[in-house]
file coords30.json (JSON, C-alpha atoms)
[["chain", "number", "residue", "atom", "x", "y", "z"],
["A", 13, "MET", "CA", -26.27, -22.97, 8.79],
["A", 14, "THR", "CA", -23.00, -24.46, 7.78],
["A", 15, "LEU", "CA", -20.27, -23.17, 5.58],
["A", 16, "ARG", "CA", -19.48, -25.16, 2.44],
["A", 17, "LEU", "CA", -16.03, -24.86, 0.85],
["A", 18, "VAL", "CA", -15.16, -26.53, -2.46],
["A", 19, "THR", "CA", -12.31, -26.21, -4.92],
["A", 20, "GLU", "CA", -12.76, -25.83, -8.66],
["A", 21, "GLY", "CA", -10.06, -26.43, -11.21],
["A", 22, "ASP", "CA", -6.54, -25.56, -10.07],
["A", 23, "ARG", "CA", -7.06, -21.98, -8.91],
["A", 24, "HIS", "CA", -10.51, -21.49, -7.40],
["A", 25, "VAL", "CA", -12.05, -21.78, -3.94],
["A", 26, "VAL", "CA", -15.82, -21.36, -3.61],
["A", 27, "VAL", "CA", -17.39, -20.77, -0.20],
["A", 28, "THR", "CA", -21.15, -20.67, 0.38],
["A", 29, "ARG", "CA", -23.18, -20.00, 3.48],
["A", 30, "ARG", "CA", -26.77, -19.07, 4.15],
["A", 31, "PHE", "CA", -27.70, -16.31, 6.63],
["A", 32, "ALA", "CA", -31.10, -15.64, 8.21],
["A", 33, "ALA", "CA", -31.07, -11.96, 7.20],
["A", 34, "PRO", "CA", -31.83, -9.94, 4.05],
["A", 35, "PRO", "CA", -29.13, -9.37, 1.41],
["A", 36, "ASP", "CA", -28.77, -5.65, 2.10],
["A", 37, "LEU", "CA", -27.92, -6.29, 5.75],
["A", 38, "VAL", "CA", -25.48, -9.13, 5.02],
["A", 39, "TYR", "CA", -23.84, -6.95, 2.36],
["A", 40, "ARG", "CA", -23.50, -4.03, 4.83],
["A", 41, "ALA", "CA", -21.76, -6.36, 7.28],
["A", 42, "HIS", "CA", -19.19, -7.11, 4.58],
["A", 43, "VAL", "CA", -18.34, -3.47, 3.78],
["A", 44, "GLU", "CA", -19.05, -1.23, 6.82],
["A", 45, "PRO", "CA", -16.00, -1.00, 9.12],
["A", 46, "ASP", "CA", -18.00, -0.81, 12.36],
["A", 47, "LEU", "CA", -19.76, -4.08, 11.47],
["A", 48, "ILE", "CA", -16.69, -5.81, 10.00],
["A", 49, "ARG", "CA", -14.77, -5.21, 13.26],
["A", 50, "ARG", "CA", -17.44, -7.12, 15.17],
["A", 51, "TRP", "CA", -17.28, -10.40, 13.23],
["A", 52, "LEU", "CA", -14.08, -10.63, 11.14],
["A", 53, "THR", "CA", -11.82, -10.93, 14.17],
["A", 54, "GLY", "CA", -9.42, -13.57, 12.91],
["A", 55, "PRO", "CA", -8.49, -16.74, 14.77],
["A", 56, "GLU", "CA", -10.11, -17.40, 18.17],
["A", 57, "GLY", "CA", -8.64, -15.06, 20.78],
["A", 58, "TRP", "CA", -7.42, -12.54, 18.22],
["A", 59, "VAL", "CA", -8.66, -8.98, 17.65],
["A", 60, "MET", "CA", -8.96, -6.76, 14.61],
["A", 61, "THR", "CA", -6.58, -3.86, 15.18],
["A", 62, "GLU", "CA", -7.22, -1.96, 11.94],
["A", 63, "CYS", "CA", -10.20, -1.86, 9.61],
["A", 64, "VAL", "CA", -10.32, 0.27, 6.46],
["A", 65, "SER", "CA", -13.10, -0.41, 3.97],
["A", 66, "ASP", "CA", -13.97, 2.13, 1.27],
["A", 67, "PRO", "CA", -16.56, 0.22, -0.81],
["A", 68, "ARG", "CA", -16.33, 1.95, -4.19],
["A", 69, "PRO", "CA", -14.33, 1.08, -7.31],
["A", 70, "GLY", "CA", -10.70, 1.85, -6.46],
["A", 71, "GLY", "CA", -11.49, 2.12, -2.74],
["A", 72, "ALA", "CA", -8.97, 0.74, -0.25],
["A", 73, "ILE", "CA", -9.21, -2.31, 1.98],
["A", 74, "ARG", "CA", -6.84, -2.83, 4.91],
["A", 75, "PHE", "CA", -7.50, -5.21, 7.78],
["A", 76, "ALA", "CA", -5.00, -6.08, 10.53],
["A", 77, "TRP", "CA", -5.17, -8.58, 13.41],
["A", 78, "ALA", "CA", -3.12, -9.40, 16.49],
["A", 79, "ASP", "CA", -3.31, -12.09, 19.15],
["A", 80, "ALA", "CA", -4.39, -11.31, 22.73],
["A", 81, "ALA", "CA", -0.82, -10.34, 23.67],
["A", 82, "GLY", "CA", -0.67, -7.86, 20.78],
["A", 83, "ALA", "CA", 1.94, -9.94, 18.99],
["A", 84, "ASN", "CA", 2.01, -12.33, 16.03],
["A", 85, "GLY", "CA", -0.04, -9.97, 13.90],
["A", 86, "PHE", "CA", -0.81, -10.14, 10.22],
["A", 87, "HIS", "CA", -2.69, -7.93, 7.79],
["A", 88, "LEU", "CA", -4.18, -7.77, 4.34],
["A", 89, "THR", "CA", -4.48, -4.99, 1.82],
["A", 90, "GLY", "CA", -6.58, -4.69, -1.28],
["A", 91, "GLU", "CA", -8.92, -2.64, -3.34],
["A", 92, "TYR", "CA", -12.51, -2.80, -4.47],
["A", 93, "LEU", "CA", -12.93, -3.32, -8.21],
["A", 94, "GLU", "CA", -16.74, -3.38, -8.51],
["A", 95, "VAL", "CA", -19.52, -2.83, -5.99],
["A", 96, "ALA", "CA", -23.28, -3.41, -6.43],
["A", 97, "PRO", "CA", -24.82, -2.63, -3.01],
["A", 98, "GLY", "CA", -26.82, -5.53, -1.63],
["A", 99, "ALA", "CA", -25.85, -7.80, -4.53],
["A", 100, "ARG", "CA", -22.14, -8.14, -5.34],
["A", 101, "ILE", "CA", -18.60, -7.15, -4.37],
["A", 102, "LEU", "CA", -15.50, -7.76, -6.47],
["A", 103, "HIS", "CA", -12.15, -7.01, -4.87],
["A", 104, "VAL", "CA", -8.48, -7.99, -4.88],
["A", 105, "GLU", "CA", -6.63, -8.79, -1.66],
["A", 106, "ARG", "CA", -3.17, -9.87, -0.57],
["A", 107, "MET", "CA", -2.16, -11.19, 2.84],
["A", 108, "PHE", "CA", 1.08, -10.18, 4.58],
["A", 109, "LEU", "CA", 2.33, -13.12, 6.67],
["A", 110, "PRO", "CA", 4.76, -11.15, 6.83],
["A", 111, "ALA", "CA", 5.70, -11.40, 3.11],
["A", 112, "PRO", "CA", 2.84, -10.58, 0.73],
["A", 113, "THR", "CA", 0.94, -13.38, -0.93],
["A", 114, "PRO", "CA", 0.01, -13.16, -4.61],
["A", 115, "ASP", "CA", -3.22, -11.33, -5.39],
["A", 116, "ASN", "CA", -6.44, -13.17, -4.60],
["A", 117, "ARG", "CA", -9.39, -11.98, -6.70],
["A", 118, "VAL", "CA", -12.58, -12.38, -4.67],
["A", 119, "GLU", "CA", -16.16, -12.11, -5.93],
["A", 120, "THR", "CA", -18.85, -12.14, -3.24],
["A", 121, "THR", "CA", -22.53, -12.34, -4.17],
["A", 122, "PHE", "CA", -25.60, -11.94, -1.97],
["A", 123, "ARG", "CA", -28.69, -13.78, -3.26],
["A", 124, "ALA", "CA", -32.08, -13.49, -1.59],
["A", 125, "LEU", "CA", -33.61, -16.78, -0.53],
["A", 126, "GLU", "CA", -36.78, -17.42, 1.41],
["A", 127, "GLY", "CA", -35.96, -16.34, 4.94],
["A", 128, "GLY", "CA", -32.46, -15.14, 4.21],
["A", 129, "THR", "CA", -29.46, -14.71, 1.97],
["A", 130, "LEU", "CA", -27.08, -17.08, 0.25],
["A", 131, "VAL", "CA", -23.54, -15.66, 0.26],
["A", 132, "THR", "CA", -21.20, -17.10, -2.37],
["A", 133, "LEU", "CA", -17.55, -16.12, -2.17],
["A", 134, "ARG", "CA", -15.45, -17.18, -5.18],
["A", 135, "MET", "CA", -11.69, -16.77, -4.89],
["A", 136, "THR", "CA", -9.41, -16.88, -7.92],
["A", 137, "LEU", "CA", -5.76, -17.48, -7.08],
["A", 138, "PRO", "CA", -2.77, -17.32, -9.44],
["A", 139, "ASP", "CA", -1.94, -21.04, -9.32],
["A", 140, "ALA", "CA", -2.58, -24.37, -7.60],
["A", 141, "GLU", "CA", 0.39, -23.97, -5.24],
["A", 142, "THR", "CA", -0.90, -20.65, -3.90],
["A", 143, "ARG", "CA", -4.35, -22.14, -3.40],
["A", 144, "ALA", "CA", -2.93, -25.16, -1.55],
["A", 145, "ALA", "CA", -0.84, -22.92, 0.72],
["A", 146, "MET", "CA", -3.88, -20.76, 1.51],
["A", 147, "LEU", "CA", -6.06, -23.77, 2.34],
["A", 148, "ALA", "CA", -3.28, -25.18, 4.56],
["A", 149, "THR", "CA", -3.48, -22.12, 6.84],
["A", 150, "GLY", "CA", -6.77, -23.35, 8.34],
["A", 151, "MET", "CA", -8.75, -20.84, 6.31],
["A", 152, "GLU", "CA", -11.91, -22.97, 6.33],
["A", 153, "GLN", "CA", -12.09, -23.14, 10.14],
["A", 154, "GLY", "CA", -11.40, -19.42, 10.41],
["A", 155, "MET", "CA", -14.14, -18.59, 7.94],
["A", 156, "GLU", "CA", -16.59, -20.88, 9.71],
["A", 157, "ALA", "CA", -15.90, -19.14, 13.04],
["A", 158, "SER", "CA", -16.11, -15.66, 11.50],
["A", 159, "TYR", "CA", -19.38, -16.41, 9.70],
["A", 160, "ALA", "CA", -20.85, -17.88, 12.91],
["A", 161, "ARG", "CA", -20.01, -14.56, 14.64],
["A", 162, "LEU", "CA", -21.62, -12.72, 11.73],
["A", 163, "GLU", "CA", -24.80, -14.80, 12.05],
["A", 164, "GLY", "CA", -25.02, -13.80, 15.72],
["A", 165, "LEU", "CA", -24.41, -10.14, 14.92],
["A", 166, "LEU", "CA", -27.06, -9.72, 12.21],
["A", 167, "PRO", "CA", -30.14, -9.44, 14.47],
["A", 168, "ALA", "CA", -28.47, -6.65, 16.49],
["A", 169, "ALA", "CA", -27.26, -4.91, 13.33],
["A", 170, "ALA", "CA", -30.85, -4.95, 12.04],
["A", 171, "GLY", "CA", -32.04, -3.38, 15.28],
["A", 172, "GLY", "CA", -33.80, -6.57, 16.37]]
call {"tool": "encode", "arguments": {"input": "coords30.json", "output": "C-alpha coordinates"}}
result
Amino acid sequence: MTLRLVTEGDRHVVVTRRFAAPPDLVYRAHVEPDLIRRWLTGPEGWVMTECVSDPRPGGAIRFAWADAAGANGFHLTGEYLEVAPGARILHVERMFLPAPTPDNRVETTFRALEGGTLVTLRMTLPDAETRAAMLATGMEQGMEASYARLEGLLPAAAGG
(Lines of atoms letter the chains of each structure in order from A and count residues from 1; the text may use other names and numbers.)
(Lines give C-alpha, C1' and ligand atoms only; values in the text may rest on other atoms or scores of the structure.)
Protein backbone atom coordinates (compact mmCIF):
# COMPACT_ATOMS: atom_id res chain seq x y z
CA MET A 1 0.00 0.00 0.00
CA THR A 2 1.78 3.04 -1.23
CA LEU A 3 1.53 6.63 -0.24
CA ARG A 4 0.39 9.09 -2.89
CA LEU A 5 1.32 12.77 -2.56
CA VAL A 6 0.00 15.43 -4.95
CA THR A 7 -0.06 19.21 -4.92
CA GLU A 8 -3.14 21.28 -5.67
CA GLY A 9 -3.08 24.94 -6.57
CA ASP A 10 -0.32 26.97 -4.93
CA ARG A 11 -0.91 26.09 -1.28
CA HIS A 12 -2.14 22.52 -0.88
CA VAL A 13 -0.54 19.11 -0.41
CA VAL A 14 -2.80 16.05 -0.45
CA VAL A 15 -1.53 12.70 0.84
CA THR A 16 -3.51 9.47 0.56
CA ARG A 17 -2.77 5.98 1.78
CA ARG A 18 -4.83 2.88 2.34
CA PHE A 19 -4.47 0.78 5.52
CA ALA A 20 -5.68 -2.77 6.13
CA ALA A 21 -7.50 -1.83 9.35
CA PRO A 22 -10.85 -0.25 10.27
CA PRO A 23 -11.22 3.55 10.46
CA ASP A 24 -11.62 3.65 14.24
CA LEU A 25 -8.28 1.92 14.77
CA VAL A 26 -6.40 4.05 12.21
CA TYR A 27 -7.94 7.16 13.77
CA ARG A 28 -6.84 6.06 17.28
CA ALA A 29 -3.29 5.64 16.00
CA HIS A 30 -3.37 9.29 14.89
CA VAL A 31 -4.53 10.72 18.25
CA GLU A 32 -3.47 8.40 21.12
CA PRO A 33 0.02 9.28 22.41
CA ASP A 34 1.03 5.68 23.21
CA LEU A 35 0.27 4.66 19.61
CA ILE A 36 1.68 7.82 17.99
CA ARG A 37 5.04 7.25 19.74
CA ARG A 38 5.31 3.85 18.08
CA TRP A 39 5.02 4.97 14.45
CA LEU A 40 5.60 8.73 14.10
CA THR A 41 9.28 8.50 14.98
CA GLY A 42 10.69 10.94 12.45
CA PRO A 43 13.57 10.23 10.09
CA GLU A 44 15.18 6.77 10.18
CA GLY A 45 17.27 6.39 13.34
CA TRP A 46 15.43 9.15 15.20
CA VAL A 47 13.17 8.84 18.24
CA MET A 48 10.13 10.71 19.47
CA THR A 49 11.16 12.39 22.72
CA GLU A 50 7.86 14.11 23.52
CA CYS A 51 4.28 13.33 22.55
CA VAL A 52 1.31 15.42 23.68
CA SER A 53 -2.02 14.83 21.95
CA ASP A 54 -5.27 16.09 23.49
CA PRO A 55 -7.81 15.29 20.72
CA ARG A 56 -10.61 17.77 21.46
CA PRO A 57 -11.32 21.22 20.04
CA GLY A 58 -8.67 23.52 21.53
CA GLY A 59 -6.58 20.55 22.71
CA ALA A 60 -2.79 20.78 22.44
CA ILE A 61 -0.42 18.94 20.13
CA ARG A 62 3.32 18.83 20.79
CA PHE A 63 5.69 16.32 19.24
CA ALA A 64 9.49 16.41 19.53
CA TRP A 65 12.20 14.25 17.94
CA ALA A 66 15.95 13.78 18.30
CA ASP A 67 18.55 11.73 16.46
CA ALA A 68 20.19 8.67 18.05
CA ALA A 69 22.82 10.88 19.74
CA GLY A 70 20.09 13.03 21.31
CA ALA A 71 21.09 16.02 19.20
CA ASN A 72 19.73 17.78 16.12
CA GLY A 73 16.20 17.76 17.47
CA PHE A 74 13.14 19.51 16.18
CA HIS A 75 9.54 19.79 17.33
CA LEU A 76 6.09 20.86 16.31
CA THR A 77 3.25 22.46 18.21
CA GLY A 78 -0.38 22.86 17.33
CA GLU A 79 -3.95 22.54 18.38
CA TYR A 80 -6.96 20.51 17.41
CA LEU A 81 -9.75 22.54 15.81
CA GLU A 82 -12.34 19.82 15.13
CA VAL A 83 -12.46 16.12 15.97
CA ALA A 84 -14.95 13.48 14.76
CA PRO A 85 -13.71 10.17 16.24
CA GLY A 86 -13.10 7.54 13.58
CA ALA A 87 -13.88 9.97 10.76
CA ARG A 88 -12.03 13.30 10.74
CA ILE A 89 -9.40 15.47 12.44
CA LEU A 90 -8.77 19.14 11.71
CA HIS A 91 -5.75 20.73 13.34
CA VAL A 92 -3.15 23.47 12.93
CA GLU A 93 0.56 22.76 13.33
CA ARG A 94 3.84 24.63 13.09
CA MET A 95 7.32 23.12 12.94
CA PHE A 96 10.30 24.56 14.84
CA LEU A 97 13.47 23.96 12.80
CA PRO A 98 14.51 25.87 15.06
CA ALA A 99 12.52 28.94 13.92
CA PRO A 100 8.77 28.34 13.63
CA THR A 101 7.24 27.74 10.24
CA PRO A 102 3.95 29.40 9.29
CA ASP A 103 0.81 27.57 10.36
CA ASN A 104 -0.09 24.46 8.37
CA ARG A 105 -3.82 23.64 8.50
CA VAL A 106 -4.25 19.87 8.24
CA GLU A 107 -7.48 17.96 7.64
CA THR A 108 -7.24 14.18 7.98
CA THR A 109 -10.16 11.95 7.02
CA PHE A 110 -10.63 8.22 7.57
CA ARG A 111 -12.95 6.55 5.04
CA ALA A 112 -13.97 2.90 5.29
CA LEU A 113 -13.17 0.81 2.25
CA GLU A 114 -13.58 -2.90 1.73
CA GLY A 115 -10.87 -4.45 3.86
CA GLY A 116 -9.55 -1.22 5.29
CA THR A 117 -9.40 2.54 5.50
CA LEU A 118 -8.41 5.29 3.10
CA VAL A 119 -6.61 8.09 4.95
CA THR A 120 -6.58 11.45 3.18
CA LEU A 121 -4.45 14.19 4.68
CA ARG A 122 -4.96 17.64 3.14
CA MET A 123 -2.51 20.37 4.14
CA THR A 124 -3.21 24.04 3.51
CA LEU A 125 -0.14 26.25 3.68
CA PRO A 126 0.00 30.06 3.60
CA ASP A 127 1.74 30.34 0.22
CA ALA A 128 3.58 28.51 -2.56
CA GLU A 129 7.01 29.29 -1.10
CA THR A 130 6.15 27.69 2.24
CA ARG A 131 4.80 24.62 0.48
CA ALA A 132 7.93 24.30 -1.67
CA ALA A 133 10.19 24.61 1.38
CA MET A 134 8.19 21.94 3.23
CA LEU A 135 8.33 19.52 0.29
CA ALA A 136 12.09 20.13 -0.04
CA THR A 137 12.67 18.74 3.48
CA GLY A 138 12.05 15.17 2.27
CA MET A 139 8.59 15.14 3.80
CA GLU A 140 7.27 12.56 1.34
CA GLN A 141 9.93 9.97 2.22
CA GLY A 142 9.43 10.60 5.93
CA MET A 143 5.68 10.15 5.64
CA GLU A 144 6.10 6.97 3.61
CA ALA A 145 8.40 5.49 6.29
CA SER A 146 6.11 6.57 9.13
CA TYR A 147 2.99 5.17 7.46
CA ALA A 148 4.81 1.89 6.75
CA ARG A 149 5.57 1.67 10.50
CA LEU A 150 1.91 2.44 11.22
CA GLU A 151 0.78 -0.36 8.88
CA GLY A 152 2.96 -2.80 10.82
CA LEU A 153 1.66 -1.54 14.16
CA LEU A 154 -2.07 -1.81 13.43
CA PRO A 155 -2.47 -5.59 13.90
CA ALA A 156 -0.83 -5.40 17.34
CA ALA A 157 -2.86 -2.32 18.29
CA ALA A 158 -6.03 -4.24 17.39
CA GLY A 159 -4.93 -7.11 19.61
CA GLY A 160 -4.29 -9.39 16.64
call {"tool": "closest_residue", "arguments": {"input": "coords30.json", "among": "A:Glu94, A:Glu163, A:Glu105, A:Glu152", "to": "A:Pro55", "atoms": "all atoms listed in the file"}}
result
A:Glu152
call {"tool": "atom_distance", "arguments": {"input": "coords30.json", "atom1": "atom CA of A:Asp22", "atom2": "atom CA of A:Arg143"}}
result
7.8 Å
call {"tool": "closest_residue", "arguments": {"input": "coords30.json", "among": "A:Arg49, A:Arg30, A:His24, A:Arg74", "to": "A:Gly127", "atoms": "only C-alpha atoms"}}
result
A:Arg30
call {"tool": "residues_near_point", "arguments": {"input": "coords30.json", "point": "(-16.9, -19.9, 9.0)", "cutoff": "12 Å", "atoms": "only C-alpha atoms", "output": "PyMOL selection string"}}
result
chain A and resi 13-17+27-31+51-56+131+133+150-163
call {"tool": "closest_residue", "arguments": {"input": "coords30.json", "among": "A:Val104, A:Asn84, A:Gly98, A:Arg50", "to": "A:Gly71", "atoms": "only C-alpha atoms"}}
result
A:Val104
call {"tool": "residues_around", "arguments": {"input": "coords30.json", "residues": "A:Ala124", "least_positions_apart": "2", "cutoff": "12 Å", "atoms": "all atoms listed in the file", "output": "list in words"}}
result
Arg30, Phe31, Ala32, Ala33, Pro34, Pro35, Asp36, Leu37, Val38, Tyr39, Gly98, Ala99, Arg100, Thr121, Phe122, Glu126, Gly127, Gly128, Thr129, Leu130, Val131 and Thr132 of chain A
call {"tool": "decode", "arguments": {"input": "coords30.json", "residues": "stretch 20-64 of chain A", "atoms": "N, CA and C atoms", "output": "PDB file, in the first residue's frame"}}
result
ATOM      1  N   GLU A  20      -1.975  20.644  -5.044  1.00  0.00           N
ATOM      2  CA  GLU A  20      -3.141  21.282  -5.670  1.00  0.00           C
ATOM      3  C   GLU A  20      -2.980  22.783  -5.534  1.00  0.00           C
ATOM      4  N   GLY A  21      -3.216  23.493  -6.627  1.00  0.00           N
ATOM      5  CA  GLY A  21      -3.080  24.942  -6.574  1.00  0.00           C
ATOM      6  C   GLY A  21      -1.699  25.338  -6.107  1.00  0.00           C
ATOM      7  N   ASP A  22      -1.604  26.470  -5.429  1.00  0.00           N
ATOM      8  CA  ASP A  22      -0.319  26.967  -4.935  1.00  0.00           C
ATOM      9  C   ASP A  22      -0.040  26.593  -3.486  1.00  0.00           C
ATOM     10  N   ARG A  23      -1.084  26.199  -2.730  1.00  0.00           N
ATOM     11  CA  ARG A  23      -0.907  26.091  -1.282  1.00  0.00           C
ATOM     12  C   ARG A  23      -1.244  24.742  -0.672  1.00  0.00           C
ATOM     13  N   HIS A  24      -1.654  23.776  -1.461  1.00  0.00           N
ATOM     14  CA  HIS A  24      -2.139  22.522  -0.882  1.00  0.00           C
ATOM     15  C   HIS A  24      -1.234  21.339  -1.205  1.00  0.00           C
ATOM     16  N   VAL A  25      -1.163  20.421  -0.233  1.00  0.00           N
ATOM     17  CA  VAL A  25      -0.539  19.114  -0.408  1.00  0.00           C
ATOM     18  C   VAL A  25      -1.585  18.098   0.046  1.00  0.00           C
ATOM     19  N   VAL A  26      -1.833  17.088  -0.791  1.00  0.00           N
ATOM     20  CA  VAL A  26      -2.804  16.052  -0.448  1.00  0.00           C
ATOM     21  C   VAL A  26      -2.087  14.707  -0.460  1.00  0.00           C
ATOM     22  N   VAL A  27      -2.165  13.998   0.674  1.00  0.00           N
ATOM     23  CA  VAL A  27      -1.527  12.703   0.838  1.00  0.00           C
ATOM     24  C   VAL A  27      -2.629  11.669   1.066  1.00  0.00           C
ATOM     25  N   THR A  28      -2.561  10.560   0.340  1.00  0.00           N
ATOM     26  CA  THR A  28      -3.506   9.474   0.564  1.00  0.00           C
ATOM     27  C   THR A  28      -2.743   8.172   0.749  1.00  0.00           C
ATOM     28  N   ARG A  29      -3.324   7.313   1.587  1.00  0.00           N
ATOM     29  CA  ARG A  29      -2.765   5.977   1.784  1.00  0.00           C
ATOM     30  C   ARG A  29      -3.851   5.083   2.348  1.00  0.00           C
ATOM     31  N   ARG A  30      -3.872   3.869   1.861  1.00  0.00           N
ATOM     32  CA  ARG A  30      -4.828   2.876   2.341  1.00  0.00           C
ATOM     33  C   ARG A  30      -4.160   2.009   3.413  1.00  0.00           C
ATOM     34  N   PHE A  31      -4.936   1.646   4.446  1.00  0.00           N
ATOM     35  CA  PHE A  31      -4.474   0.780   5.521  1.00  0.00           C
ATOM     36  C   PHE A  31      -5.425  -0.397   5.649  1.00  0.00           C
ATOM     37  N   ALA A  32      -4.887  -1.561   5.958  1.00  0.00           N
ATOM     38  CA  ALA A  32      -5.682  -2.774   6.128  1.00  0.00           C
ATOM     39  C   ALA A  32      -6.160  -2.870   7.572  1.00  0.00           C
ATOM     40  N   ALA A  33      -6.955  -1.890   7.990  1.00  0.00           N
ATOM     41  CA  ALA A  33      -7.500  -1.832   9.345  1.00  0.00           C
ATOM     42  C   ALA A  33      -8.731  -0.930   9.309  1.00  0.00           C
ATOM     43  N   PRO A  34      -9.638  -1.077  10.261  1.00  0.00           N
ATOM     44  CA  PRO A  34     -10.852  -0.251  10.273  1.00  0.00           C
ATOM     45  C   PRO A  34     -10.560   1.204  10.641  1.00  0.00           C
ATOM     46  N   PRO A  35     -11.438   2.119  10.197  1.00  0.00           N
ATOM     47  CA  PRO A  35     -11.215   3.549  10.458  1.00  0.00           C
ATOM     48  C   PRO A  35     -11.017   3.904  11.926  1.00  0.00           C
ATOM     49  N   ASP A  36     -11.771   3.279  12.833  1.00  0.00           N
ATOM     50  CA  ASP A  36     -11.624   3.652  14.242  1.00  0.00           C
ATOM     51  C   ASP A  36     -10.224   3.355  14.765  1.00  0.00           C
ATOM     52  N   LEU A  37      -9.628   2.272  14.327  1.00  0.00           N
ATOM     53  CA  LEU A  37      -8.278   1.921  14.767  1.00  0.00           C
ATOM     54  C   LEU A  37      -7.227   2.852  14.144  1.00  0.00           C
ATOM     55  N   VAL A  38      -7.367   3.149  12.867  1.00  0.00           N
ATOM     56  CA  VAL A  38      -6.404   4.048  12.207  1.00  0.00           C
ATOM     57  C   VAL A  38      -6.513   5.447  12.812  1.00  0.00           C
ATOM     58  N   TYR A  39      -7.734   5.874  13.102  1.00  0.00           N
ATOM     59  CA  TYR A  39      -7.942   7.161  13.768  1.00  0.00           C
ATOM     60  C   TYR A  39      -7.244   7.179  15.133  1.00  0.00           C
ATOM     61  N   ARG A  40      -7.469   6.135  15.952  1.00  0.00           N
ATOM     62  CA  ARG A  40      -6.842   6.065  17.278  1.00  0.00           C
ATOM     63  C   ARG A  40      -5.326   6.198  17.177  1.00  0.00           C
ATOM     64  N   ALA A  41      -4.747   5.571  16.172  1.00  0.00           N
ATOM     65  CA  ALA A  41      -3.290   5.643  16.001  1.00  0.00           C
ATOM     66  C   ALA A  41      -2.813   7.048  15.662  1.00  0.00           C
ATOM     67  N   HIS A  42      -3.720   7.898  15.208  1.00  0.00           N
ATOM     68  CA  HIS A  42      -3.374   9.287  14.892  1.00  0.00           C
ATOM     69  C   HIS A  42      -3.567  10.237  16.074  1.00  0.00           C
ATOM     70  N   VAL A  43      -4.242   9.805  17.139  1.00  0.00           N
ATOM     71  CA  VAL A  43      -4.526  10.721  18.249  1.00  0.00           C
ATOM     72  C   VAL A  43      -4.058  10.232  19.615  1.00  0.00           C
ATOM     73  N   GLU A  44      -3.854   8.922  19.809  1.00  0.00           N
ATOM     74  CA  GLU A  44      -3.471   8.402  21.122  1.00  0.00           C
ATOM     75  C   GLU A  44      -1.944   8.411  21.272  1.00  0.00           C
ATOM     76  N   PRO A  45      -1.434   9.144  22.268  1.00  0.00           N
ATOM     77  CA  PRO A  45       0.024   9.279  22.410  1.00  0.00           C
ATOM     78  C   PRO A  45       0.789   7.959  22.441  1.00  0.00           C
ATOM     79  N   ASP A  46       0.273   6.939  23.136  1.00  0.00           N
ATOM     80  CA  ASP A  46       1.028   5.684  23.212  1.00  0.00           C
ATOM     81  C   ASP A  46       1.151   5.012  21.852  1.00  0.00           C
ATOM     82  N   LEU A  47       0.176   5.203  20.972  1.00  0.00           N
ATOM     83  CA  LEU A  47       0.274   4.663  19.615  1.00  0.00           C
ATOM     84  C   LEU A  47       1.106   5.571  18.714  1.00  0.00           C
ATOM     85  N   ILE A  48       0.907   6.873  18.808  1.00  0.00           N
ATOM     86  CA  ILE A  48       1.677   7.825  17.989  1.00  0.00           C
ATOM     87  C   ILE A  48       3.174   7.602  18.185  1.00  0.00           C
ATOM     88  N   ARG A  49       3.608   7.449  19.425  1.00  0.00           N
ATOM     89  CA  ARG A  49       5.037   7.253  19.739  1.00  0.00           C
ATOM     90  C   ARG A  49       5.639   6.051  19.030  1.00  0.00           C
ATOM     91  N   ARG A  50       4.806   5.086  18.670  1.00  0.00           N
ATOM     92  CA  ARG A  50       5.309   3.848  18.080  1.00  0.00           C
ATOM     93  C   ARG A  50       5.478   3.922  16.568  1.00  0.00           C
ATOM     94  N   TRP A  51       4.880   4.920  15.905  1.00  0.00           N
ATOM     95  CA  TRP A  51       5.017   4.968  14.449  1.00  0.00           C
ATOM     96  C   TRP A  51       5.493   6.318  13.915  1.00  0.00           C
ATOM     97  N   LEU A  52       5.224   7.396  14.601  1.00  0.00           N
ATOM     98  CA  LEU A  52       5.599   8.729  14.102  1.00  0.00           C
ATOM     99  C   LEU A  52       6.953   9.115  14.691  1.00  0.00           C
ATOM    100  N   THR A  53       7.977   8.345  14.326  1.00  0.00           N
ATOM    101  CA  THR A  53       9.280   8.495  14.977  1.00  0.00           C
ATOM    102  C   THR A  53      10.250   9.405  14.235  1.00  0.00           C
ATOM    103  N   GLY A  54       9.796  10.040  13.170  1.00  0.00           N
ATOM    104  CA  GLY A  54      10.687  10.941  12.454  1.00  0.00           C
ATOM    105  C   GLY A  54      11.587  10.198  11.488  1.00  0.00           C
ATOM    106  N   PRO A  55      12.649  10.857  11.035  1.00  0.00           N
ATOM    107  CA  PRO A  55      13.567  10.227  10.091  1.00  0.00           C
ATOM    108  C   PRO A  55      14.152   8.930  10.649  1.00  0.00           C
ATOM    109  N   GLU A  56      14.594   8.053   9.777  1.00  0.00           N
ATOM    110  CA  GLU A  56      15.179   6.770  10.185  1.00  0.00           C
ATOM    111  C   GLU A  56      16.294   7.000  11.206  1.00  0.00           C
ATOM    112  N   GLY A  57      16.257   6.254  12.300  1.00  0.00           N
ATOM    113  CA  GLY A  57      17.267   6.390  13.340  1.00  0.00           C
ATOM    114  C   GLY A  57      16.933   7.432  14.392  1.00  0.00           C
ATOM    115  N   TRP A  58      15.832   8.139  14.232  1.00  0.00           N
ATOM    116  CA  TRP A  58      15.427   9.154  15.198  1.00  0.00           C
ATOM    117  C   TRP A  58      14.406   8.552  16.162  1.00  0.00           C
ATOM    118  N   VAL A  59      14.163   9.260  17.269  1.00  0.00           N
ATOM    119  CA  VAL A  59      13.168   8.838  18.243  1.00  0.00           C
ATOM    120  C   VAL A  59      12.269  10.017  18.600  1.00  0.00           C
ATOM    121  N   MET A  60      11.047   9.690  18.979  1.00  0.00           N
ATOM    122  CA  MET A  60      10.127  10.713  19.467  1.00  0.00           C
ATOM    123  C   MET A  60      10.416  10.900  20.949  1.00  0.00           C
ATOM    124  N   THR A  61      10.785  12.109  21.338  1.00  0.00           N
ATOM    125  CA  THR A  61      11.157  12.386  22.719  1.00  0.00           C
ATOM    126  C   THR A  61      10.016  13.003  23.518  1.00  0.00           C
ATOM    127  N   GLU A  62       9.009  13.518  22.843  1.00  0.00           N
ATOM    128  CA  GLU A  62       7.859  14.114  23.521  1.00  0.00           C
ATOM    129  C   GLU A  62       6.636  13.903  22.657  1.00  0.00           C
ATOM    130  N   CYS A  63       5.513  13.562  23.294  1.00  0.00           N
ATOM    131  CA  CYS A  63       4.277  13.332  22.551  1.00  0.00           C
ATOM    132  C   CYS A  63       3.091  13.776  23.399  1.00  0.00           C
ATOM    133  N   VAL A  64       2.520  14.917  23.035  1.00  0.00           N
ATOM    134  CA  VAL A  64       1.309  15.418  23.679  1.00  0.00           C
ATOM    135  C   VAL A  64       0.237  15.471  22.605  1.00  0.00           C
TER     136      VAL A  64
END
